[in-house]
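S.K.: Before we start, here is the structure in question, set down as structure tokens.
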Amino acid sequence: MSDHVLVINAGSSSLKYSLMDAGSGAAAADGVIERIGEPQGHRRHRGPDGETESSDPIASHEDALRAALKAFETHGPSLDDVELAAVGHRVVHGGARFGAPSLVDDALIAEVSELVPLAPLHNPANLEGIEVARRLFPDLPQVAVFDTAFHQTLPPHAYTYAVPSDWLEQHGIRRYGFHGTSHSFVAEEAARRLGRDLTELNLIVLHLGNGCSASAVHGGRSVETSMGMTPLEGLVMGTRSGDLDPAIHGHLARELGWSIDEIDRVLNSASGLKGLAGENDFRELSRLRAAGDPRAELAFDVYCHRIKKYVGAYYAVLGTVDAIVFTAGVGQHSAEVRAAALQGLERLGIRLDPGRNAEPPGTGTVSADGSEVTVLVVATNEEWQIARQALAVVRR
Ligand code: AMP
């Protein structure tokens, strides 16, 4: 029986796909269709013959998936030959309803639709991807894998905001957390690296990409995480502010006459590193710092200071920590961020080895021998985790 899963991540104007061997984690092919609905679309497919690209209009998500299937047909590998076991869909918000990956049926679609107000940018696009894949693969099981699911184990004292209690009961206003697929993959991988059972470990996972989040993982279960009802809360990110005084919203609205939509837009798309230094790409930010740009320097300091605060907080939540795990673009590649974020935490048993930390290729143990807390760098692989989880659901 084939272990191949087609993983689909549908965004508002893009559709990413990967043909994964859920057993080995090998991607037989992947690609992305971008600028759906714009005058000129763009597609890229990487298969056994290398990479191909083309530009032409792609009117809808259905056309995008058809274009992907055509790319499989033309450039390989043939989907008929691999015998797909399932289609796995990334779904951003599963609310309090979904604590695990779930088989797609009409009821699931209705429930995910009800969650649209919690993720108005993401869930409609994810649903569109599911609907299209159901039409084009009517005989294949489809599995929804939720970004929020891993954090459904947060205890009430961690997920509850101190606001009138009917906000939670009537409007679902609470912390959900995101990047769960990455946090769960990285936690499992850390246990494998440490040669220990995940159920006996306390981990702090730092997913530092364009979006950033931290989690405290106790025995394989997420007990704290930095993103909240939406992905805006927590760490400083590429374009998102992370934590800020909620009274700032009122101030901007009252004093400057800003609309709620404008405030939302700026905090999500024009804040974080971009807001502070004009640049959200960390490699570019590093170049600006190296050139002596004071705004880039401050942005770096704010970013690392926030990570350090979360490490301290999650240390306190967990009581003891076996490992701190860095992942995603910045976490994996920026030795400077790891060093600055963990600097001065020796009394907590956290000691980096500067040589190991600076070593490429950026995966492995970077703490010093004898450091009570092991510091690991792990490459996340959300597609593989989605494929594994989707396969587990259909094999249940
Ligand atoms: P991700 O969302 O995981 O793809 O991460 C994207 C972020 O990682 C961007 O800010 C990139 O600039 C950053 N990044 C990728 N490679 C490197 C690198 N070699 N050094 C520093 N930052 C990097």
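Following the order of the structure tokens, chains are lettered A, B, ..., residues in each are numbered from 1, and ligands are numbered from 1.
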Assign secondary structure with DSSP using the backbone only, and return the residues of stretch 280-349 of chain A in helix (DSSP H, G or I) as a PDB file with N, CA and C atoms, in the first residue's frame.

M.R.:
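File written: out37.pdb
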ATOM      1  N   PHE A 282      15.073  38.552   7.307  1.00  0.00           N
ATOM      2  CA  PHE A 282      16.112  38.590   8.325  1.00  0.00           C
ATOM      3  C   PHE A 282      17.517  38.689   7.746  1.00  0.00           C
ATOM      4  N   ARG A 283      17.690  38.073   6.565  1.00  0.00           N
ATOM      5  CA  ARG A 283      19.035  38.156   5.941  1.00  0.00           C
ATOM      6  C   ARG A 283      19.359  39.597   5.586  1.00  0.00           C
ATOM      7  N   GLU A 284      18.342  40.292   5.070  1.00  0.00           N
ATOM      8  CA  GLU A 284      18.535  41.703   4.707  1.00  0.00           C
ATOM      9  C   GLU A 284      18.749  42.542   5.966  1.00  0.00           C
ATOM     10  N   LEU A 285      17.993  42.216   7.021  1.00  0.00           N
ATOM     11  CA  LEU A 285      18.155  42.939   8.283  1.00  0.00           C
ATOM     12  C   LEU A 285      19.589  42.770   8.799  1.00  0.00           C
ATOM     13  N   SER A 286      20.124  41.561   8.654  1.00  0.00           N
ATOM     14  CA  SER A 286      21.501  41.312   9.111  1.00  0.00           C
ATOM     15  C   SER A 286      22.495  42.146   8.311  1.00  0.00           C
ATOM     16  N   ARG A 287      22.236  42.283   7.012  1.00  0.00           N
ATOM     17  CA  ARG A 287      23.135  43.113   6.187  1.00  0.00           C
ATOM     18  C   ARG A 287      23.069  44.577   6.630  1.00  0.00           C
ATOM     19  N   LEU A 288      21.860  45.041   6.925  1.00  0.00           N
ATOM     20  CA  LEU A 288      21.703  46.438   7.383  1.00  0.00           C
ATOM     21  C   LEU A 288      22.428  46.646   8.715  1.00  0.00           C
ATOM     22  N   ARG A 289      22.313  45.666   9.602  1.00  0.00           N
ATOM     23  CA  ARG A 289      23.015  45.764  10.898  1.00  0.00           C
ATOM     24  C   ARG A 289      24.512  45.831  10.694  1.00  0.00           C
ATOM     25  N   ALA A 290      24.984  44.943   9.821  1.00  0.00           N
ATOM     26  CA  ALA A 290      26.436  44.893   9.578  1.00  0.00           C
ATOM     27  C   ALA A 290      26.924  46.218   9.000  1.00  0.00           C
ATOM     28  N   PRO A 294      21.249  51.919  12.589  1.00  0.00           N
ATOM     29  CA  PRO A 294      20.784  51.862  13.982  1.00  0.00           C
ATOM     30  C   PRO A 294      19.366  51.311  14.121  1.00  0.00           C
ATOM     31  N   ARG A 295      18.526  51.509  13.104  1.00  0.00           N
ATOM     32  CA  ARG A 295      17.151  50.989  13.194  1.00  0.00           C
ATOM     33  C   ARG A 295      17.176  49.459  13.145  1.00  0.00           C
ATOM     34  N   ALA A 296      18.046  48.917  12.298  1.00  0.00           N
ATOM     35  CA  ALA A 296      18.169  47.459  12.199  1.00  0.00           C
ATOM     36  C   ALA A 296      18.722  46.881  13.499  1.00  0.00           C
ATOM     37  N   GLU A 297      19.654  47.613  14.122  1.00  0.00           N
ATOM     38  CA  GLU A 297      20.233  47.174  15.395  1.00  0.00           C
ATOM     39  C   GLU A 297      19.160  47.114  16.477  1.00  0.00           C
ATOM     40  N   LEU A 298      18.343  48.171  16.550  1.00  0.00           N
ATOM     41  CA  LEU A 298      17.286  48.191  17.560  1.00  0.00           C
ATOM     42  C   LEU A 298      16.275  47.074  17.287  1.00  0.00           C
ATOM     43  N   ALA A 299      15.911  46.883  16.015  1.00  0.00           N
ATOM     44  CA  ALA A 299      14.946  45.834  15.671  1.00  0.00           C
ATOM     45  C   ALA A 299      15.471  44.470  16.130  1.00  0.00           C
ATOM     46  N   PHE A 300      16.738  44.218  15.880  1.00  0.00           N
ATOM     47  CA  PHE A 300      17.364  42.951  16.302  1.00  0.00           C
ATOM     48  C   PHE A 300      17.279  42.803  17.822  1.00  0.00           C
ATOM     49  N   ASP A 301      17.596  43.886  18.536  1.00  0.00           N
ATOM     50  CA  ASP A 301      17.586  43.834  20.003  1.00  0.00           C
ATOM     51  C   ASP A 301      16.184  43.578  20.549  1.00  0.00           C
ATOM     52  N   VAL A 302      15.199  44.258  19.957  1.00  0.00           N
ATOM     53  CA  VAL A 302      13.813  44.085  20.421  1.00  0.00           C
ATOM     54  C   VAL A 302      13.379  42.638  20.175  1.00  0.00           C
ATOM     55  N   TYR A 303      13.716  42.136  19.002  1.00  0.00           N
ATOM     56  CA  TYR A 303      13.359  40.765  18.594  1.00  0.00           C
ATOM     57  C   TYR A 303      13.951  39.736  19.571  1.00  0.00           C
ATOM     58  N   CYS A 304      15.239  39.879  19.860  1.00  0.00           N
ATOM     59  CA  CYS A 304      15.913  38.886  20.724  1.00  0.00           C
ATOM     60  C   CYS A 304      15.486  39.023  22.181  1.00  0.00           C
ATOM     61  N   HIS A 305      15.270  40.270  22.615  1.00  0.00           N
ATOM     62  CA  HIS A 305      14.824  40.508  23.992  1.00  0.00           C
ATOM     63  C   HIS A 305      13.486  39.821  24.232  1.00  0.00           C
ATOM     64  N   ARG A 306      12.594  39.923  23.244  1.00  0.00           N
ATOM     65  CA  ARG A 306      11.268  39.299  23.386  1.00  0.00           C
ATOM     66  C   ARG A 306      11.405  37.774  23.480  1.00  0.00           C
ATOM     67  N   ILE A 307      12.285  37.208  22.686  1.00  0.00           N
ATOM     68  CA  ILE A 307      12.482  35.748  22.750  1.00  0.00           C
ATOM     69  C   ILE A 307      12.982  35.360  24.141  1.00  0.00           C
ATOM     70  N   LYS A 308      13.947  36.147  24.631  1.00  0.00           N
ATOM     71  CA  LYS A 308      14.508  35.838  25.956  1.00  0.00           C
ATOM     72  C   LYS A 308      13.423  35.889  27.040  1.00  0.00           C
ATOM     73  N   LYS A 309      12.550  36.877  26.963  1.00  0.00           N
ATOM     74  CA  LYS A 309      11.471  36.974  27.960  1.00  0.00           C
ATOM     75  C   LYS A 309      10.596  35.722  27.930  1.00  0.00           C
ATOM     76  N   TYR A 310      10.307  35.244  26.736  1.00  0.00           N
ATOM     77  CA  TYR A 310       9.466  34.037  26.623  1.00  0.00           C
ATOM     78  C   TYR A 310      10.200  32.792  27.120  1.00  0.00           C
ATOM     79  N   VAL A 311      11.498  32.721  26.863  1.00  0.00           N
ATOM     80  CA  VAL A 311      12.269  31.574  27.363  1.00  0.00           C
ATOM     81  C   VAL A 311      12.179  31.556  28.894  1.00  0.00           C
ATOM     82  N   GLY A 312      12.366  32.722  29.500  1.00  0.00           N
ATOM     83  CA  GLY A 312      12.292  32.809  30.965  1.00  0.00           C
ATOM     84  C   GLY A 312      10.909  32.437  31.475  1.00  0.00           C
ATOM     85  N   ALA A 313       9.891  32.952  30.805  1.00  0.00           N
ATOM     86  CA  ALA A 313       8.515  32.675  31.245  1.00  0.00           C
ATOM     87  C   ALA A 313       8.199  31.190  31.111  1.00  0.00           C
ATOM     88  N   TYR A 314       8.606  30.587  30.020  1.00  0.00           N
ATOM     89  CA  TYR A 314       8.260  29.177  29.795  1.00  0.00           C
ATOM     90  C   TYR A 314       9.105  28.255  30.671  1.00  0.00           C
ATOM     91  N   TYR A 315      10.283  28.717  31.008  1.00  0.00           N
ATOM     92  CA  TYR A 315      11.103  27.983  31.982  1.00  0.00           C
ATOM     93  C   TYR A 315      10.326  27.908  33.299  1.00  0.00           C
ATOM     94  N   ALA A 316       9.767  29.043  33.693  1.00  0.00           N
ATOM     95  CA  ALA A 316       9.008  29.091  34.948  1.00  0.00           C
ATOM     96  C   ALA A 316       7.758  28.213  34.858  1.00  0.00           C
ATOM     97  N   VAL A 317       7.111  28.221  33.713  1.00  0.00           N
ATOM     98  CA  VAL A 317       5.907  27.402  33.538  1.00  0.00           C
ATOM     99  C   VAL A 317       6.245  25.915  33.652  1.00  0.00           C
ATOM    100  N   LEU A 318       7.383  25.523  33.049  1.00  0.00           N
ATOM    101  CA  LEU A 318       7.731  24.095  33.010  1.00  0.00           C
ATOM    102  C   LEU A 318       8.434  23.625  34.285  1.00  0.00           C
ATOM    103  N   ALA A 328      12.817  26.867  12.034  1.00  0.00           N
ATOM    104  CA  ALA A 328      12.341  27.786  10.975  1.00  0.00           C
ATOM    105  C   ALA A 328      13.498  28.690  10.520  1.00  0.00           C
ATOM    106  N   GLY A 329      13.242  29.463   9.472  1.00  0.00           N
ATOM    107  CA  GLY A 329      14.303  30.189   8.761  1.00  0.00           C
ATOM    108  C   GLY A 329      15.309  30.892   9.664  1.00  0.00           C
ATOM    109  N   VAL A 330      14.835  31.716  10.587  1.00  0.00           N
ATOM    110  CA  VAL A 330      15.747  32.474  11.449  1.00  0.00           C
ATOM    111  C   VAL A 330      16.296  31.576  12.551  1.00  0.00           C
ATOM    112  N   GLY A 331      15.434  30.794  13.166  1.00  0.00           N
ATOM    113  CA  GLY A 331      15.861  29.930  14.275  1.00  0.00           C
ATOM    114  C   GLY A 331      16.938  28.952  13.842  1.00  0.00           C
ATOM    115  N   GLN A 332      16.797  28.485  12.628  1.00  0.00           N
ATOM    116  CA  GLN A 332      17.742  27.483  12.145  1.00  0.00           C
ATOM    117  C   GLN A 332      19.045  28.117  11.663  1.00  0.00           C
ATOM    118  N   HIS A 333      18.933  29.302  11.084  1.00  0.00           N
ATOM    119  CA  HIS A 333      20.111  29.853  10.406  1.00  0.00           C
ATOM    120  C   HIS A 333      20.819  30.994  11.129  1.00  0.00           C
ATOM    121  N   ALA A 335      22.775  32.246  13.955  1.00  0.00           N
ATOM    122  CA  ALA A 335      23.539  31.987  15.187  1.00  0.00           C
ATOM    123  C   ALA A 335      23.486  33.220  16.086  1.00  0.00           C
ATOM    124  N   GLU A 336      23.423  34.398  15.489  1.00  0.00           N
ATOM    125  CA  GLU A 336      23.412  35.645  16.276  1.00  0.00           C
ATOM    126  C   GLU A 336      22.157  35.751  17.125  1.00  0.00           C
ATOM    127  N   VAL A 337      21.012  35.356  16.536  1.00  0.00           N
ATOM    128  CA  VAL A 337      19.761  35.405  17.300  1.00  0.00           C
ATOM    129  C   VAL A 337      19.824  34.414  18.456  1.00  0.00           C
ATOM    130  N   ARG A 338      20.282  33.205  18.189  1.00  0.00           N
ATOM    131  CA  ARG A 338      20.350  32.196  19.264  1.00  0.00           C
ATOM    132  C   ARG A 338      21.261  32.690  20.387  1.00  0.00           C
ATOM    133  N   ALA A 339      22.389  33.269  20.000  1.00  0.00           N
ATOM    134  CA  ALA A 339      23.344  33.738  21.011  1.00  0.00           C
ATOM    135  C   ALA A 339      22.754  34.891  21.816  1.00  0.00           C
ATOM    136  N   ALA A 340      22.142  35.846  21.129  1.00  0.00           N
ATOM    137  CA  ALA A 340      21.620  37.022  21.843  1.00  0.00           C
ATOM    138  C   ALA A 340      20.431  36.639  22.720  1.00  0.00           C
ATOM    139  N   ALA A 341      19.576  35.741  22.225  1.00  0.00           N
ATOM    140  CA  ALA A 341      18.368  35.380  22.979  1.00  0.00           C
ATOM    141  C   ALA A 341      18.707  34.584  24.236  1.00  0.00           C
ATOM    142  N   LEU A 342      19.799  33.812  24.202  1.00  0.00           N
ATOM    143  CA  LEU A 342      20.132  32.950  25.351  1.00  0.00           C
ATOM    144  C   LEU A 342      21.281  33.503  26.184  1.00  0.00           C
ATOM    145  N   GLU A 346      22.998  31.565  31.896  1.00  0.00           N
ATOM    146  CA  GLU A 346      23.808  30.455  32.432  1.00  0.00           C
ATOM    147  C   GLU A 346      23.265  29.963  33.766  1.00  0.00           C
ATOM    148  N   ARG A 347      22.742  30.901  34.573  1.00  0.00           N
ATOM    149  CA  ARG A 347      22.217  30.480  35.880  1.00  0.00           C
ATOM    150  C   ARG A 347      21.010  29.563  35.735  1.00  0.00           C
ATOM    151  N   LEU A 348      20.376  29.590  34.559  1.00  0.00           N
ATOM    152  CA  LEU A 348      19.261  28.669  34.298  1.00  0.00           C
ATOM    153  C   LEU A 348      19.764  27.359  33.697  1.00  0.00           C
TER     154      LEU A 348
END

S.K.: Would you mind listing what lies within 8 Å of A:Asp147 as a list in words, with only C-alpha atoms counted and same-chain residues fewer than 3 positions away left out?

M.R.: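 These residues fall inside the cut-off: Arg90, Val91, Val92, His93, Gly94, Phe150, Gly177, Phe178, His179, Gly180 and Thr181 of chain A.
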
S.K.: Do you know which residues are at most 7 Å from stretch 46-55 of chain A counting only C-alpha atoms, after dropping those on the same chain fewer than 2 positions away, and could you put them as a ChimeraX atom specification?

M.R.: /A:28-31,40-44,75-77

S.K.: May I have the selected residues written with C-alpha atoms, as a PDB file, in the first residue's frame?

M.R.:
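See result38.pdb below for the written result:
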ATOM      1  CA  ALA A  28       8.794  13.300  -4.731  1.00  0.00           C
ATOM      2  CA  ALA A  29       7.667  16.684  -6.072  1.00  0.00           C
ATOM      3  CA  ASP A  30       6.519  20.068  -4.883  1.00  0.00           C
ATOM      4  CA  GLY A  31       5.402  23.333  -6.303  1.00  0.00           C
ATOM      5  CA  GLN A  40      -0.542  37.129 -14.610  1.00  0.00           C
ATOM      6  CA  GLY A  41      -0.181  33.999 -12.462  1.00  0.00           C
ATOM      7  CA  HIS A  42       3.033  32.171 -11.781  1.00  0.00           C
ATOM      8  CA  ARG A  43       3.724  28.478 -11.258  1.00  0.00           C
ATOM      9  CA  ARG A  44       6.714  26.461 -10.288  1.00  0.00           C
ATOM     10  CA  HIS A  75       6.900  16.746 -15.692  1.00  0.00           C
ATOM     11  CA  GLY A  76       6.244  13.833 -13.348  1.00  0.00           C
ATOM     12  CA  PRO A  77       5.993  11.932 -11.227  1.00  0.00           C
TER      13      PRO A  77
END

S.K.: List the neighbours of A:Thr365 out to 9 Å using only C-alpha atoms; skip same-chain residues closer than 5 positions along the sequence, and give me the result as a VMD selection string.

M.R.: chain A and resid 193 353 356 to 357 374 to 378

S.K.: I need the residues from that last selection saved to file as a PDB file, in the first residue's frame (with N, CA, C and O atoms), if you can.

M.R.:
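Ended up saving to out27.pdb:
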ATOM      1  N   ARG A 193      16.413  13.117  18.628  1.00  0.00           N
ATOM      2  CA  ARG A 193      17.826  13.518  18.718  1.00  0.00           C
ATOM      3  C   ARG A 193      18.405  13.247  20.102  1.00  0.00           C
ATOM      4  O   ARG A 193      19.570  12.901  20.250  1.00  0.00           O
ATOM      5  N   ASP A 353      27.558  26.635  23.076  1.00  0.00           N
ATOM      6  CA  ASP A 353      28.959  26.484  22.670  1.00  0.00           C
ATOM      7  C   ASP A 353      29.127  27.391  21.450  1.00  0.00           C
ATOM      8  O   ASP A 353      28.544  27.122  20.393  1.00  0.00           O
ATOM      9  N   ARG A 356      30.081  25.602  18.120  1.00  0.00           N
ATOM     10  CA  ARG A 356      29.003  24.780  17.551  1.00  0.00           C
ATOM     11  C   ARG A 356      27.870  25.660  17.042  1.00  0.00           C
ATOM     12  O   ARG A 356      27.275  25.384  16.011  1.00  0.00           O
ATOM     13  N   ASN A 357      27.563  26.716  17.812  1.00  0.00           N
ATOM     14  CA  ASN A 357      26.446  27.582  17.424  1.00  0.00           C
ATOM     15  C   ASN A 357      26.712  28.241  16.078  1.00  0.00           C
ATOM     16  O   ASN A 357      25.795  28.436  15.282  1.00  0.00           O
ATOM     17  N   THR A 374      19.919  21.235  27.002  1.00  0.00           N
ATOM     18  CA  THR A 374      20.484  21.046  25.665  1.00  0.00           C
ATOM     19  C   THR A 374      19.817  22.052  24.723  1.00  0.00           C
ATOM     20  O   THR A 374      18.605  22.258  24.786  1.00  0.00           O
ATOM     21  N   VAL A 375      20.620  22.699  23.901  1.00  0.00           N
ATOM     22  CA  VAL A 375      20.048  23.606  22.904  1.00  0.00           C
ATOM     23  C   VAL A 375      20.231  22.958  21.542  1.00  0.00           C
ATOM     24  O   VAL A 375      21.344  22.603  21.152  1.00  0.00           O
ATOM     25  N   LEU A 376      19.099  22.775  20.852  1.00  0.00           N
ATOM     26  CA  LEU A 376      19.114  22.070  19.569  1.00  0.00           C
ATOM     27  C   LEU A 376      18.650  22.981  18.448  1.00  0.00           C
ATOM     28  O   LEU A 376      17.803  23.851  18.658  1.00  0.00           O
ATOM     29  N   VAL A 377      19.181  22.744  17.266  1.00  0.00           N
ATOM     30  CA  VAL A 377      18.677  23.386  16.053  1.00  0.00           C
ATOM     31  C   VAL A 377      18.103  22.273  15.192  1.00  0.00           C
ATOM     32  O   VAL A 377      18.785  21.281  14.912  1.00  0.00           O
ATOM     33  N   VAL A 378      16.857  22.423  14.817  1.00  0.00           N
ATOM     34  CA  VAL A 378      16.149  21.383  14.072  1.00  0.00           C
ATOM     35  C   VAL A 378      15.482  22.023  12.855  1.00  0.00           C
ATOM     36  O   VAL A 378      14.909  23.110  12.968  1.00  0.00           O
TER      37      VAL A 378
END

S.K.: Residues of stretch 106-329 of chain A classed as strand (DSSP E or B) by DSSP on the backbone are to be reported as a list in words.

M.R.: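 Selecting the strand (DSSP E or B) positions of stretch 106-329 of chain A gives Gln142, Val143, Ala144, Val145, Phe146, Asn202, Leu203, Ile204, Val205, Leu206, His207, Leu208, Cys212, Ser213, Ala214, Ser215, Ala216, Val217, His218, Arg221, Ser222, Val223, Glu224, Thr225, Ala323, Ile324, Val325, Phe326 and Thr327 of chain A.
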
S.K.: Taking only C-alpha atoms and all ligand atoms into account, name the residue in A:Gly238, A:Gly23, A:Gly250, A:Pro155 that is nearest to ligand 1.

M.R.: A:Gly238

S.K.: Report as a list in words all protein, DNA and RNA residues lying within 7 Å of A:Ser102, evaluated on only C-alpha atoms, omitting residues in the same chain fewer than 3 positions from it.

M.R.: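 Here the qualifying residues turn out to be Val143, Ala144, Val145 and Val393 of chain A.
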